[in-house]
Amino acid sequence: MDVDVFVATHRPAWDRLEHLTKRSRRLTGAEADELVLLYQRAATHLSTLRAKAPDPVLVEHLSAVVIRARSAVTGTHSPAWREFGLFFSRRFPAAVYRSWHWWVPVMVVSLLASAAVSAWIALNPDVQAAVAAPEEIRQLTAPGGDFESYYSSDPAASFAARVWTNNAWVAAGCLLLGVLFGLPVLYILASNVLNVGLSGGLMAAAGRLDIFLGLITPHGLLELTAVFVAAGTGLKLGWTVIDPGRRTRAAALAAEGRTVVLMALGLACVLLVTGVIEAFVTPSGLPTWARVGIGVVAELVFFAYVFVLGRRAALAGETGDLDARFTADAAPSSA
């Protein structure tokens, strides 16, 4: 094969392909079709040159042209910042919204149970005596006692990191252990209810319920909501094991499992916010109304995020699952 003749014959097509590739985002329909056709021809030319006239310089040049054209024709992966934005603007809020039928009942039942435990402990001295020794209770509930000093026990930054890590593990446990028929999730919820109810009941019995609410509300509203979201989602995963619906059990668990992992990442970010509030706002010298107000605003923002932004994304078809590009192909089901 005469390389010079081959190059002279096809060089205009290669140059045209380079020109269209540089303008790939501003092509007309006809130009896009031309780009695809020229890319296919150039790929064939490259294969021919490699087989019959392996000129290193020419092959390297045409390879670069074909690679750039392939990127323009097939598209490239979304930039990391775009995936990040899609996750927080669509996928995560949609996933939380789609599971609200699970976590809202969990939240209501848990709060009512915590209130009942608090009232039971506060109104029954015998129960208080069974919980701890009188001296231990006084040490916990006295002004400046263990309950109050806990929030300033460490430097704020390290305290925030410790609280965030602990809460993230609790949320992850609720999410990931839900696959065991939801039983570990129920245990975590029961432990949470008892802990909150115990502290609230003892503080109420000491006549310091206002201090308890003033300290726990700024961070506790959003923190507990995040835990309830994790628990509700974990229970939903556990129910999927029992009843996968029209999908096969493997397909249902794969889809729910991917959503659970994304939820874990999103809730970790939510809990980071609550950790910062607990470390810097709860023990601060701000008036109680200001500290509580910050907690209420954070909670309202989260609910608006889920029930406005998340609902809109869910109605548009967002499921909270990974993009189809990152999941394995699945056989069609009867659903």
# chains A, B, ... in the order shown; residues from 1 in each chain; ligands from 1
$ residues_around --residues "segment 118-124 of chain A" --least-positions-apart "6" --cutoff "12 Å" --atoms "only C-alpha atoms" --output "list in words"
Leu111, Leu112, Ala130, Val131, Ala132, Val193, Leu194, Asn195, Val196, Gly197, Leu198, Ser199, Gly200, Gly201, Leu202, Met203, Ala204, Ala205, Ala206, Gly207, Arg208, Leu209 and Phe212 of chain A
$ residues_around --residues "Arg311 of chain A" --least-positions-apart "4" --cutoff "7 Å" --atoms "only C-alpha atoms" --output "MDAnalysis selection string"
chainID A and resid 94 97 306:307 315
$ residues_around --residues "segment 274-288 of chain A" --least-positions-apart "2" --cutoff "12 Å" --atoms "only C-alpha atoms" --output "MDAnalysis selection string"
chainID A and resid 144 147:168 210:227 267:272 290:299 302
$ atom_distance --atom1 "atom CA of Val261 of chain A" --atom2 "atom CA of Glu83 of chain A"
15.5 Å
$ select_by_dssp --residues "segment 17-123 of chain A" --states "alpha helix (DSSP H)" --output "PyMOL selection string"
chain A and resi 17-22+29-52+56-74+80-86+92-98+100-122
$ residues_around --residues "Ile242 of chain A" --least-positions-apart "3" --cutoff "10 Å" --atoms "only C-alpha atoms" --output "ChimeraX atom specification"
/A:179-181,236-239,245,249
$ atom_distance --atom1 "atom CA of Thr48 of chain A" --atom2 "atom CA of Ala30 of chain A"
27.2 Å
$ residues_around --residues "segment 50-66 of chain A" --least-positions-apart "4" --cutoff "12 Å" --atoms "only C-alpha atoms" --output "PyMOL selection string"
chain A and resi 1-4+6-7+10-11+13-22+35-46+70-74
$ atom_distance --atom1 "atom CA of Trp169 of chain A" --atom2 "atom CA of Ala250 of chain A"
26.0 Å
$ decode --residues "segment 232-253 of chain A" --atoms "N, CA and C atoms" --output "mmCIF file, in the first residue's frame"
data_model
loop_
_atom_site.group_PDB
_atom_site.id
_atom_site.type_symbol
_atom_site.label_atom_id
_atom_site.label_comp_id
_atom_site.auth_asym_id
_atom_site.auth_seq_id
_atom_site.Cartn_x
_atom_site.Cartn_y
_atom_site.Cartn_z
ATOM 1 N N GLY A 232 -35.762 3.164 59.964
ATOM 2 C CA GLY A 232 -36.871 2.850 59.075
ATOM 3 C C GLY A 232 -36.402 2.217 57.781
ATOM 4 N N THR A 233 -35.300 2.726 57.246
ATOM 5 C CA THR A 233 -34.754 2.159 56.015
ATOM 6 C C THR A 233 -34.216 0.756 56.256
ATOM 7 N N GLY A 234 -33.594 0.556 57.430
ATOM 8 C CA GLY A 234 -33.117 -0.782 57.769
ATOM 9 C C GLY A 234 -34.255 -1.778 57.906
ATOM 10 N N LEU A 235 -35.361 -1.354 58.509
ATOM 11 C CA LEU A 235 -36.526 -2.235 58.618
ATOM 12 C C LEU A 235 -37.129 -2.536 57.248
ATOM 13 N N LYS A 236 -37.099 -1.544 56.376
ATOM 14 C CA LYS A 236 -37.587 -1.764 55.013
ATOM 15 C C LYS A 236 -36.727 -2.805 54.309
ATOM 16 N N LEU A 237 -35.413 -2.734 54.521
ATOM 17 C CA LEU A 237 -34.514 -3.729 53.937
ATOM 18 C C LEU A 237 -34.806 -5.111 54.502
ATOM 19 N N GLY A 238 -35.046 -5.166 55.824
ATOM 20 C CA GLY A 238 -35.385 -6.449 56.438
ATOM 21 C C GLY A 238 -36.670 -7.029 55.887
ATOM 22 N N TRP A 239 -37.649 -6.177 55.621
ATOM 23 C CA TRP A 239 -38.908 -6.666 55.060
ATOM 24 C C TRP A 239 -38.715 -7.150 53.626
ATOM 25 N N THR A 240 -37.772 -6.532 52.904
ATOM 26 C CA THR A 240 -37.483 -6.979 51.543
ATOM 27 C C THR A 240 -36.969 -8.410 51.540
ATOM 28 N N VAL A 241 -36.218 -8.777 52.580
ATOM 29 C CA VAL A 241 -35.750 -10.158 52.687
ATOM 30 C C VAL A 241 -36.936 -11.108 52.805
ATOM 31 N N ILE A 242 -37.941 -10.677 53.566
ATOM 32 C CA ILE A 242 -39.120 -11.520 53.794
ATOM 33 C C ILE A 242 -40.040 -11.515 52.586
ATOM 34 N N ASP A 243 -40.292 -10.332 52.036
ATOM 35 C CA ASP A 243 -41.231 -10.202 50.922
ATOM 36 C C ASP A 243 -40.629 -9.308 49.847
ATOM 37 N N PRO A 244 -39.936 -9.874 48.860
ATOM 38 C CA PRO A 244 -39.307 -9.054 47.816
ATOM 39 C C PRO A 244 -40.276 -8.535 46.765
ATOM 40 N N GLY A 245 -41.553 -8.897 46.884
ATOM 41 C CA GLY A 245 -42.517 -8.448 45.893
ATOM 42 C C GLY A 245 -42.404 -9.225 44.596
ATOM 43 N N ARG A 246 -42.624 -8.551 43.479
ATOM 44 C CA ARG A 246 -42.589 -9.223 42.182
ATOM 45 C C ARG A 246 -41.172 -9.440 41.668
ATOM 46 N N ARG A 247 -40.216 -8.760 42.249
ATOM 47 C CA ARG A 247 -38.826 -8.978 41.850
ATOM 48 C C ARG A 247 -38.303 -10.257 42.500
ATOM 49 N N THR A 248 -37.240 -10.786 41.919
ATOM 50 C CA THR A 248 -36.579 -11.886 42.604
ATOM 51 C C THR A 248 -35.944 -11.339 43.881
ATOM 52 N N ARG A 249 -35.737 -12.207 44.858
ATOM 53 C CA ARG A 249 -35.156 -11.757 46.121
ATOM 54 C C ARG A 249 -33.779 -11.145 45.901
ATOM 55 N N ALA A 250 -32.983 -11.741 45.011
ATOM 56 C CA ALA A 250 -31.643 -11.224 44.740
ATOM 57 C C ALA A 250 -31.706 -9.824 44.126
ATOM 58 N N ALA A 251 -32.610 -9.638 43.151
ATOM 59 C CA ALA A 251 -32.726 -8.335 42.504
ATOM 60 C C ALA A 251 -33.236 -7.275 43.473
ATOM 61 N N ALA A 252 -34.221 -7.657 44.295
ATOM 62 C CA ALA A 252 -34.771 -6.708 45.266
ATOM 63 C C ALA A 252 -33.721 -6.296 46.284
ATOM 64 N N LEU A 253 -32.968 -7.268 46.794
ATOM 65 C CA LEU A 253 -31.936 -6.958 47.783
ATOM 66 C C LEU A 253 -30.805 -6.139 47.175
#
